[in-house]
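To be precise, the following lines are run-v4.cif, and they hold mmCIF, C-alpha atoms.
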data_target
loop_
_atom_site.group_PDB
_atom_site.id
_atom_site.type_symbol
_atom_site.label_atom_id
_atom_site.label_comp_id
_atom_site.auth_asym_id
_atom_site.auth_seq_id
_atom_site.Cartn_x
_atom_site.Cartn_y
_atom_site.Cartn_z
ATOM 1 C CA MET A 1 119.517 160.246 172.317
ATOM 2 C CA ILE A 2 123.261 159.671 171.848
ATOM 3 C CA SER A 3 124.058 156.019 171.065
ATOM 4 C CA PHE A 4 127.720 156.311 170.011
ATOM 5 C CA PHE A 5 130.572 158.840 169.895
ATOM 6 C CA GLN A 6 132.310 160.121 166.801
ATOM 7 C CA PRO A 7 135.989 159.150 166.604
ATOM 8 C CA GLY A 8 138.246 161.830 168.057
ATOM 9 C CA ILE A 9 135.580 163.655 170.041
ATOM 10 C CA PHE A 10 137.496 163.376 173.329
ATOM 11 C CA ASP A 11 141.058 163.427 171.977
ATOM 12 C CA LYS A 12 141.757 167.113 172.616
ATOM 13 C CA LEU A 13 140.426 167.044 176.168
ATOM 14 C CA LYS A 14 143.819 166.312 177.689
ATOM 15 C CA LYS A 15 142.851 167.488 181.169
ATOM 16 C CA LEU A 16 139.494 165.727 181.328
ATOM 17 C CA LYS A 17 139.127 164.099 184.737
ATOM 18 C CA THR A 18 135.436 163.232 184.872
ATOM 19 C CA LEU A 19 133.141 161.832 182.200
ATOM 20 C CA SER A 20 129.711 160.564 183.195
ATOM 21 C CA VAL A 21 127.725 158.911 180.409
ATOM 22 C CA GLU A 22 126.174 156.024 182.331
ATOM 23 C CA LYS A 23 122.612 156.966 181.407
ATOM 24 C CA LEU A 24 123.170 157.035 177.645
ATOM 25 C CA PRO A 25 121.743 154.091 175.649
ATOM 26 C CA LEU A 26 125.073 153.139 174.093
ATOM 27 C CA TYR A 27 124.704 150.321 171.573
ATOM 28 C CA CYS A 28 127.791 148.162 171.322
ATOM 29 C CA ASP A 29 128.639 147.088 167.814
ATOM 30 C CA CYS A 30 131.545 148.335 165.708
ATOM 31 C CA GLN A 31 130.365 151.946 166.061
ATOM 32 C CA ILE A 32 131.541 151.952 169.668
ATOM 33 C CA SER A 33 135.144 150.921 168.850
ATOM 34 C CA TYR A 34 136.591 154.419 169.246
ATOM 35 C CA PHE A 35 135.050 154.838 172.682
ATOM 36 C CA ILE A 36 136.425 151.473 173.812
ATOM 37 C CA SER A 37 139.924 152.508 172.741
ATOM 38 C CA TYR A 38 139.547 155.849 174.477
ATOM 39 C CA LEU A 39 138.444 154.230 177.736
ATOM 40 C CA ASP A 40 141.313 151.767 177.515
ATOM 41 C CA SER A 41 143.752 154.679 177.291
ATOM 42 C CA LYS A 42 142.197 156.185 180.437
ATOM 43 C CA ARG A 43 142.192 153.115 182.675
ATOM 44 C CA ARG A 44 144.146 154.979 185.342
ATOM 45 C CA SER A 45 141.570 157.790 185.408
ATOM 46 C CA GLU A 46 138.899 156.558 187.778
ATOM 47 C CA GLY A 47 136.484 159.364 186.853
ATOM 48 C CA ILE A 48 136.365 158.595 183.120
ATOM 49 C CA ALA A 49 133.190 156.552 182.613
ATOM 50 C CA PRO A 50 134.305 153.697 184.877
ATOM 51 C CA HIS A 51 130.940 151.947 185.024
ATOM 52 C CA THR A 52 129.518 152.688 181.569
ATOM 53 C CA THR A 53 127.716 149.685 180.117
ATOM 54 C CA CYS A 54 126.059 148.673 176.870
ATOM 55 C CA SER A 55 122.307 149.040 176.547
ATOM 56 C CA GLY A 56 122.513 146.280 173.958
ATOM 57 C CA GLY A 57 124.769 145.152 171.171
ATOM 58 C CA ARG A 58 126.069 142.358 169.023
ATOM 59 C CA LEU A 59 129.246 140.342 168.674
ATOM 60 C CA LYS A 60 130.440 138.559 165.549
ATOM 61 C CA ASP A 61 129.435 135.277 167.143
ATOM 62 C CA GLY A 62 126.193 136.305 168.828
ATOM 63 C CA ASP A 63 124.319 138.884 170.851
ATOM 64 C CA LEU A 64 126.059 140.935 173.492
ATOM 65 C CA SER A 65 124.502 140.805 176.926
ATOM 66 C CA MET A 66 123.201 144.041 178.385
ATOM 67 C CA HIS A 67 125.168 145.764 181.133
ATOM 68 C CA GLU A 68 128.505 144.611 179.714
ATOM 69 C CA LEU A 69 131.219 147.079 180.762
ATOM 70 C CA ILE A 70 132.274 148.931 177.630
ATOM 71 C CA ARG A 71 135.890 149.355 178.709
ATOM 72 C CA ASP A 72 136.281 145.560 178.926
ATOM 73 C CA LEU A 73 135.094 144.822 175.385
ATOM 74 C CA ASP A 74 137.392 143.608 172.618
ATOM 75 C CA PRO A 75 136.697 145.776 169.519
ATOM 76 C CA SER A 76 137.801 142.971 167.203
ATOM 77 C CA ARG A 77 134.882 140.834 168.417
ATOM 78 C CA LEU A 78 132.189 143.436 167.717
ATOM 79 C CA TYR A 79 129.765 142.831 164.898
ATOM 80 C CA CYS A 80 129.810 145.235 161.959
ATOM 81 C CA PRO A 81 127.150 144.635 159.270
ATOM 82 C CA THR A 82 128.639 144.363 155.799
ATOM 83 C CA SER A 83 125.962 146.748 154.547
ATOM 84 C CA TYR A 84 127.365 149.515 156.745
ATOM 85 C CA ASP A 85 129.587 152.141 155.230
ATOM 86 C CA LEU A 86 131.600 152.644 158.388
ATOM 87 C CA PRO A 87 132.842 156.207 157.682
ATOM 88 C CA GLU A 88 129.281 157.286 156.893
ATOM 89 C CA MET A 89 127.854 155.384 159.831
ATOM 90 C CA ARG A 90 130.094 157.283 162.226
ATOM 91 C CA LYS A 91 128.933 160.692 161.088
ATOM 92 C CA CYS A 92 126.501 162.579 163.258
ATOM 93 C CA PRO A 93 123.167 163.142 161.494
ATOM 94 C CA ASP A 94 123.032 166.358 159.509
ATOM 95 C CA GLU A 95 121.046 169.244 160.898
ATOM 96 C CA PRO A 96 117.752 169.758 159.058
ATOM 97 C CA THR A 97 118.259 172.049 156.082
ATOM 98 C CA CYS A 98 115.927 174.441 154.339
ATOM 99 C CA PRO A 99 113.424 172.506 152.181
ATOM 100 C CA ALA A 100 114.197 172.788 148.479
ATOM 101 C CA GLU A 101 110.855 174.457 147.776
ATOM 102 C CA CYS A 102 111.470 177.223 150.338
ATOM 103 C CA SER A 103 114.077 179.879 150.991
ATOM 104 C CA CYS A 104 115.652 180.543 154.373
ATOM 105 C CA LYS A 105 117.506 183.534 155.714
ATOM 106 C CA ALA A 106 118.839 184.447 159.124
ATOM 107 C CA ALA A 107 116.528 186.329 161.462
ATOM 108 C CA THR A 108 119.123 186.517 164.242
ATOM 109 C CA SER A 109 122.384 184.692 164.831
ATOM 110 C CA ASP A 110 120.487 181.525 165.760
ATOM 111 C CA THR A 111 117.012 181.867 164.203
ATOM 112 C CA ILE A 112 115.632 181.682 160.666
ATOM 113 C CA HIS A 113 112.865 183.094 158.469
ATOM 114 C CA MET A 114 111.523 180.373 156.150
ATOM 115 C CA ASN A 115 109.634 181.603 153.092
ATOM 116 C CA CYS A 116 107.549 179.048 151.174
ATOM 117 C CA ARG A 117 105.229 181.551 149.497
ATOM 118 C CA ASP A 118 103.547 180.628 146.195
ATOM 119 C CA LYS A 119 105.101 177.184 145.681
ATOM 120 C CA ARG A 120 101.879 175.243 145.010
ATOM 121 C CA LEU A 121 102.445 173.291 148.208
ATOM 122 C CA GLN A 122 99.704 170.871 149.224
ATOM 123 C CA LYS A 123 101.349 169.954 152.535
ATOM 124 C CA VAL A 124 103.333 171.767 155.205
ATOM 125 C CA PRO A 125 107.080 171.051 154.751
ATOM 126 C CA LYS A 126 108.101 168.630 157.499
ATOM 127 C CA HIS A 127 111.878 168.698 157.505
ATOM 128 C CA GLY A 128 112.887 172.319 157.881
ATOM 129 C CA PRO A 129 115.241 173.736 160.526
ATOM 130 C CA GLU A 130 113.949 173.682 164.089
ATOM 131 C CA ASN A 131 115.033 177.289 164.699
ATOM 132 C CA VAL A 132 112.490 178.828 162.308
ATOM 133 C CA VAL A 133 110.741 181.796 163.942
ATOM 134 C CA ASN A 134 108.738 183.006 160.942
ATOM 135 C CA LEU A 135 107.115 180.555 158.539
ATOM 136 C CA ILE A 136 105.417 181.930 155.429
ATOM 137 C CA LEU A 137 103.105 179.531 153.591
ATOM 138 C CA GLU A 138 101.008 182.197 151.897
ATOM 139 C CA ASP A 139 99.453 181.584 148.479
ATOM 140 C CA ASN A 140 99.773 177.800 148.271
ATOM 141 C CA GLU A 141 97.284 174.944 147.853
ATOM 142 C CA LEU A 142 96.871 173.704 151.419
ATOM 143 C CA THR A 143 93.360 172.364 152.034
ATOM 144 C CA GLU A 144 93.651 171.127 155.624
ATOM 145 C CA LEU A 145 95.804 171.393 158.737
ATOM 146 C CA ARG A 146 96.201 168.091 160.543
ATOM 147 C CA ALA A 147 96.945 167.413 164.207
ATOM 148 C CA ARG A 148 100.381 168.630 165.321
ATOM 149 C CA GLU A 149 101.083 169.915 161.831
ATOM 150 C CA PHE A 150 103.864 172.203 163.044
ATOM 151 C CA THR A 151 105.659 169.982 165.578
ATOM 152 C CA GLN A 152 108.978 170.579 163.798
ATOM 153 C CA TYR A 153 108.663 174.342 164.246
ATOM 154 C CA ARG A 154 108.067 174.898 167.958
ATOM 155 C CA ARG A 155 109.942 178.223 168.017
ATOM 156 C CA ILE A 156 107.619 179.893 165.516
ATOM 157 C CA GLN A 157 106.498 183.415 166.378
ATOM 158 C CA GLY A 158 104.840 184.256 163.074
ATOM 159 C CA LEU A 159 102.816 181.831 160.914
ATOM 160 C CA ASP A 160 101.299 182.984 157.617
ATOM 161 C CA LEU A 161 98.755 180.570 156.110
ATOM 162 C CA SER A 162 96.821 183.171 154.151
ATOM 163 C CA LYS A 163 95.556 182.758 150.579
ATOM 164 C CA ASN A 164 95.387 178.974 150.620
ATOM 165 C CA LYS A 165 92.368 176.681 150.243
ATOM 166 C CA ILE A 166 92.151 175.561 153.856
ATOM 167 C CA GLU A 167 88.727 174.119 154.655
ATOM 168 C CA THR A 168 89.428 172.288 157.914
ATOM 169 C CA ILE A 169 91.777 172.740 160.860
ATOM 170 C CA ASP A 170 92.236 169.967 163.402
ATOM 171 C CA GLU A 171 91.870 171.349 166.928
ATOM 172 C CA LYS A 172 95.393 170.123 167.705
ATOM 173 C CA ALA A 173 97.001 171.543 164.563
ATOM 174 C CA PHE A 174 98.821 174.265 166.506
ATOM 175 C CA ASP A 175 99.744 172.158 169.545
ATOM 176 C CA GLY A 176 103.062 173.147 171.084
ATOM 177 C CA LEU A 177 103.386 176.562 169.428
ATOM 178 C CA VAL A 178 103.712 178.386 172.739
ATOM 179 C CA ASN A 179 105.799 181.175 171.173
ATOM 180 C CA LEU A 180 103.319 181.985 168.408
ATOM 181 C CA GLN A 181 102.439 185.696 168.304
ATOM 182 C CA LYS A 182 100.946 186.224 164.839
ATOM 183 C CA LEU A 183 98.644 183.849 162.956
ATOM 184 C CA TYR A 184 97.345 184.733 159.492
ATOM 185 C CA LEU A 185 94.478 182.624 158.136
ATOM 186 C CA TYR A 186 92.729 185.143 155.907
ATOM 187 C CA GLU A 187 91.491 184.330 152.393
ATOM 188 C CA ASN A 188 90.905 180.616 152.929
ATOM 189 C CA GLN A 189 87.798 178.411 152.721
ATOM 190 C CA LEU A 190 87.064 177.934 156.432
ATOM 191 C CA THR A 191 83.389 177.411 157.245
ATOM 192 C CA SER A 192 83.921 176.521 160.910
ATOM 193 C CA ILE A 193 86.649 176.326 163.514
ATOM 194 C CA GLY A 194 86.711 174.132 166.627
ATOM 195 C CA PRO A 195 86.566 175.695 170.111
ATOM 196 C CA GLY A 196 89.944 174.231 171.133
ATOM 197 C CA THR A 197 91.883 175.247 168.030
ATOM 198 C CA LEU A 198 93.721 178.118 169.724
ATOM 199 C CA ASN A 199 94.093 176.527 173.153
ATOM 200 C CA GLY A 200 97.521 177.026 174.661
ATOM 201 C CA LEU A 201 98.494 179.868 172.328
ATOM 202 C CA ARG A 202 98.697 182.373 175.166
ATOM 203 C CA GLY A 203 101.332 184.484 173.457
ATOM 204 C CA LEU A 204 99.140 185.087 170.422
ATOM 205 C CA GLN A 205 98.758 188.812 169.773
ATOM 206 C CA THR A 206 97.234 188.950 166.292
ATOM 207 C CA ILE A 207 94.847 186.587 164.494
ATOM 208 C CA MET A 208 93.596 187.444 161.014
ATOM 209 C CA MET A 209 90.710 185.338 159.693
ATOM 210 C CA ASN A 210 88.959 187.752 157.347
ATOM 211 C CA SER A 211 87.725 186.622 153.915
ATOM 212 C CA ASN A 212 86.736 183.100 154.941
ATOM 213 C CA LYS A 213 83.285 181.486 155.006
ATOM 214 C CA LEU A 214 82.926 181.560 158.774
ATOM 215 C CA LYS A 215 79.420 182.296 160.026
ATOM 216 C CA CYS A 216 80.148 182.150 163.743
ATOM 217 C CA LEU A 217 82.936 181.487 166.227
ATOM 218 C CA PRO A 218 82.749 179.129 169.239
ATOM 219 C CA ALA A 219 82.356 180.951 172.542
ATOM 220 C CA ASP A 220 85.577 179.474 173.967
ATOM 221 C CA LEU A 221 87.772 179.996 170.904
ATOM 222 C CA LEU A 222 89.542 183.061 172.274
ATOM 223 C CA SER A 223 89.626 182.122 175.959
ATOM 224 C CA ASP A 224 93.449 182.069 176.069
ATOM 225 C CA GLN A 225 94.061 185.149 173.917
ATOM 226 C CA ARG A 226 94.960 188.675 174.973
ATOM 227 C CA GLY A 227 95.571 190.216 171.550
ATOM 228 C CA SER A 228 93.645 191.556 168.579
ATOM 229 C CA LEU A 229 91.306 189.783 166.175
ATOM 230 C CA ILE A 230 90.663 190.864 162.604
ATOM 231 C CA MET A 231 87.859 189.029 160.845
#

Would you encode the structure as structure tokens?
Amino acid sequence: MISFFQPGIFDKLKKLKTLSVEKLPLYCDCQISYFISYLDSKRRSEGIAPHTTCSGGRLKDGDLSMHELIRDLDPSRLYCPTSYDLPEMRKCPDEPTCPAECSCKAATSDTIHMNCRDKRLQKVPKHGPENVVNLILEDNELTELRAREFTQYRRIQGLDLSKNKIETIDEKAFDGLVNLQKLYLYENQLTSIGPGTLNGLRGLQTIMMNSNKLKCLPADLLSDQRGSLIM
């Protein structure tokens, strides 16, 4: 959630007449100085955040009370920790980049293929781009898939986990992957799989689980699926 505005963000909006940010949790320390100055320059514009308040904050001489009108604050009184590097502090966080152990290439103008094949990975990379649609983790050293293992990658359509050493899969490992169409789990060490493991994966078209140690499948495992199964 937005808690401050980068300096200059509104400067080119010369014809801006309405700005409603009342519901944002704006924290009022020295990061908010630009926004105070901007509001001060727009005092005659009644539609420019007239009632925007602080959700919290700190002054040099004490805490700032909640619901203080931002446009009435004196920037010189706002607390700024000496440990802050102000130019860095004012930068928006960087978008997640491709993990160093993987390679990424464009799938479309706004989606990515992420290839982490044969990198001796023991865990699923957690900080990749959110717009990954194909994630290849083939031929690594994964031994388990924990609950919500792929939360970062909710747009995934293809997930290749083949040729690992996966022995256990938490029933919530694939939670949230509503776009998943292809799931490859072949050549692992699975001896069993929980009945709820594939719940919610209604878009799944292909599941490959051949060359595991599975002896049977739960009756409800495929209750949401409409696609093919290769064992």

Within-12 Å shell of (82.5, 181.5, 167.3) in input frame, only C-alpha atoms, as a ChimeraX atom specification: /A:191-198,209,214-223,231

Would you compute an axis-aligned box for segment 167-170 of chain A, covering every atom listed for it in the file with 5 Å of margin on each side, and report centre and edge lengths in Å to one decimal as AutoDock Vina command-line options?
--center_x 90.5 --center_y 172.0 --center_z 159.0 --size_x 13.5 --size_y 14.2 --size_z 18.7

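The closest residue to Lys163 of chain A, picked from A:Leu121, A:Ile2, A:Ile9, A:Leu204 and counting only C-alpha atoms, is A:Leu121.
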
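Atom CA of Pro99 of chain A is positioned 8.6 Å from atom CA of Pro129 of chain A.
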
Can you give me, as a list in words, the residues this file yields under the PyMOL selection byres ((chain A and resi 76) around 10)? Cys30, Ser33, Leu59, Lys60, Leu73, Asp74, Pro75, Arg77, Leu78, Tyr79 and Cys80 of chain A

For the structure provided, state which residues fall under the PyMOL selection byres ((chain A and resi 149) around 12), and present them as an MDAnalysis selection string. chainID A and resid 123:127 142 144:148 150:154 169:177

Residue among A:Glu68, A:Asp224, A:Glu167, A:Asp118 lying closest to His51 of chain A, counting all atoms listed in the file: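 Under the stated criterion, the closest residue is A:Glu68.
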
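Shortest separation to Thr53 of chain A among A:Ser20, A:Ser37, A:Thr108, A:Gln31 occurs at residue A:Ser20, atoms counted being all atoms listed in the file.
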
Atom completion result for segment 36-52 of chain A (N, CA, C and O atoms) as an mmCIF file, keeping the file's coordinate frame:
data_model
loop_
_atom_site.group_PDB
_atom_site.id
_atom_site.type_symbol
_atom_site.label_atom_id
_atom_site.label_comp_id
_atom_site.auth_asym_id
_atom_site.auth_seq_id
_atom_site.Cartn_x
_atom_site.Cartn_y
_atom_site.Cartn_z
ATOM 1 N N ILE A 36 135.727 152.536 173.077
ATOM 2 C CA ILE A 36 136.425 151.473 173.812
ATOM 3 C C ILE A 36 137.916 151.791 173.895
ATOM 4 O O ILE A 36 138.537 151.689 174.960
ATOM 5 N N SER A 37 138.494 152.185 172.768
ATOM 6 C CA SER A 37 139.924 152.508 172.741
ATOM 7 C C SER A 37 140.235 153.694 173.641
ATOM 8 O O SER A 37 141.256 153.721 174.334
ATOM 9 N N TYR A 38 139.334 154.672 173.634
ATOM 10 C CA TYR A 38 139.547 155.849 174.477
ATOM 11 C C TYR A 38 139.514 155.461 175.955
ATOM 12 O O TYR A 38 140.382 155.872 176.738
ATOM 13 N N LEU A 39 138.531 154.659 176.339
ATOM 14 C CA LEU A 39 138.444 154.230 177.736
ATOM 15 C C LEU A 39 139.658 153.400 178.138
ATOM 16 O O LEU A 39 140.158 153.507 179.264
ATOM 17 N N ASP A 40 140.138 152.582 177.221
ATOM 18 C CA ASP A 40 141.313 151.767 177.515
ATOM 19 C C ASP A 40 142.526 152.644 177.792
ATOM 20 O O ASP A 40 143.355 152.330 178.652
ATOM 21 N N SER A 41 142.619 153.771 177.082
ATOM 22 C CA SER A 41 143.752 154.679 177.291
ATOM 23 C C SER A 41 143.629 155.463 178.592
ATOM 24 O O SER A 41 144.582 156.102 179.032
ATOM 25 N N LYS A 42 142.445 155.420 179.212
ATOM 26 C CA LYS A 42 142.197 156.185 180.437
ATOM 27 C C LYS A 42 141.943 155.272 181.640
ATOM 28 O O LYS A 42 141.292 155.675 182.600
ATOM 29 N N ARG A 43 142.471 154.068 181.596
ATOM 30 C CA ARG A 43 142.192 153.115 182.675
ATOM 31 C C ARG A 43 142.655 153.615 184.037
ATOM 32 O O ARG A 43 142.119 153.226 185.069
ATOM 33 N N ARG A 44 143.658 154.468 184.064
ATOM 34 C CA ARG A 44 144.146 154.979 185.342
ATOM 35 C C ARG A 44 143.321 156.166 185.844
ATOM 36 O O ARG A 44 143.535 156.639 186.950
ATOM 37 N N SER A 45 142.415 156.656 185.013
ATOM 38 C CA SER A 45 141.570 157.790 185.408
ATOM 39 C C SER A 45 140.236 157.245 185.902
ATOM 40 O O SER A 45 139.368 156.883 185.112
ATOM 41 N N GLU A 46 140.082 157.190 187.192
ATOM 42 C CA GLU A 46 138.899 156.558 187.778
ATOM 43 C C GLU A 46 137.602 157.298 187.466
ATOM 44 O O GLU A 46 136.523 156.725 187.551
ATOM 45 N N GLY A 47 137.699 158.590 187.108
ATOM 46 C CA GLY A 47 136.484 159.364 186.853
ATOM 47 C C GLY A 47 136.008 159.324 185.417
ATOM 48 O O GLY A 47 134.991 159.921 185.073
ATOM 49 N N ILE A 48 136.735 158.631 184.537
ATOM 50 C CA ILE A 48 136.365 158.595 183.120
ATOM 51 C C ILE A 48 135.493 157.375 182.840
ATOM 52 O O ILE A 48 135.973 156.279 182.564
ATOM 53 N N ALA A 49 134.198 157.573 182.954
ATOM 54 C CA ALA A 49 133.190 156.552 182.613
ATOM 55 C C ALA A 49 133.553 155.153 183.106
ATOM 56 O O ALA A 49 133.561 154.199 182.323
ATOM 57 N N PRO A 50 133.835 155.004 184.395
ATOM 58 C CA PRO A 50 134.305 153.697 184.877
ATOM 59 C C PRO A 50 133.253 152.595 184.841
ATOM 60 O O PRO A 50 133.585 151.419 184.741
ATOM 61 N N HIS A 51 131.989 152.970 184.925
ATOM 62 C CA HIS A 51 130.940 151.947 185.024
ATOM 63 C C HIS A 51 129.973 151.986 183.842
ATOM 64 O O HIS A 51 128.852 151.487 183.932
ATOM 65 N N THR A 52 130.396 152.570 182.730
ATOM 66 C CA THR A 52 129.518 152.688 181.569
ATOM 67 C C THR A 52 129.313 151.329 180.913
ATOM 68 O O THR A 52 130.271 150.609 180.627
#
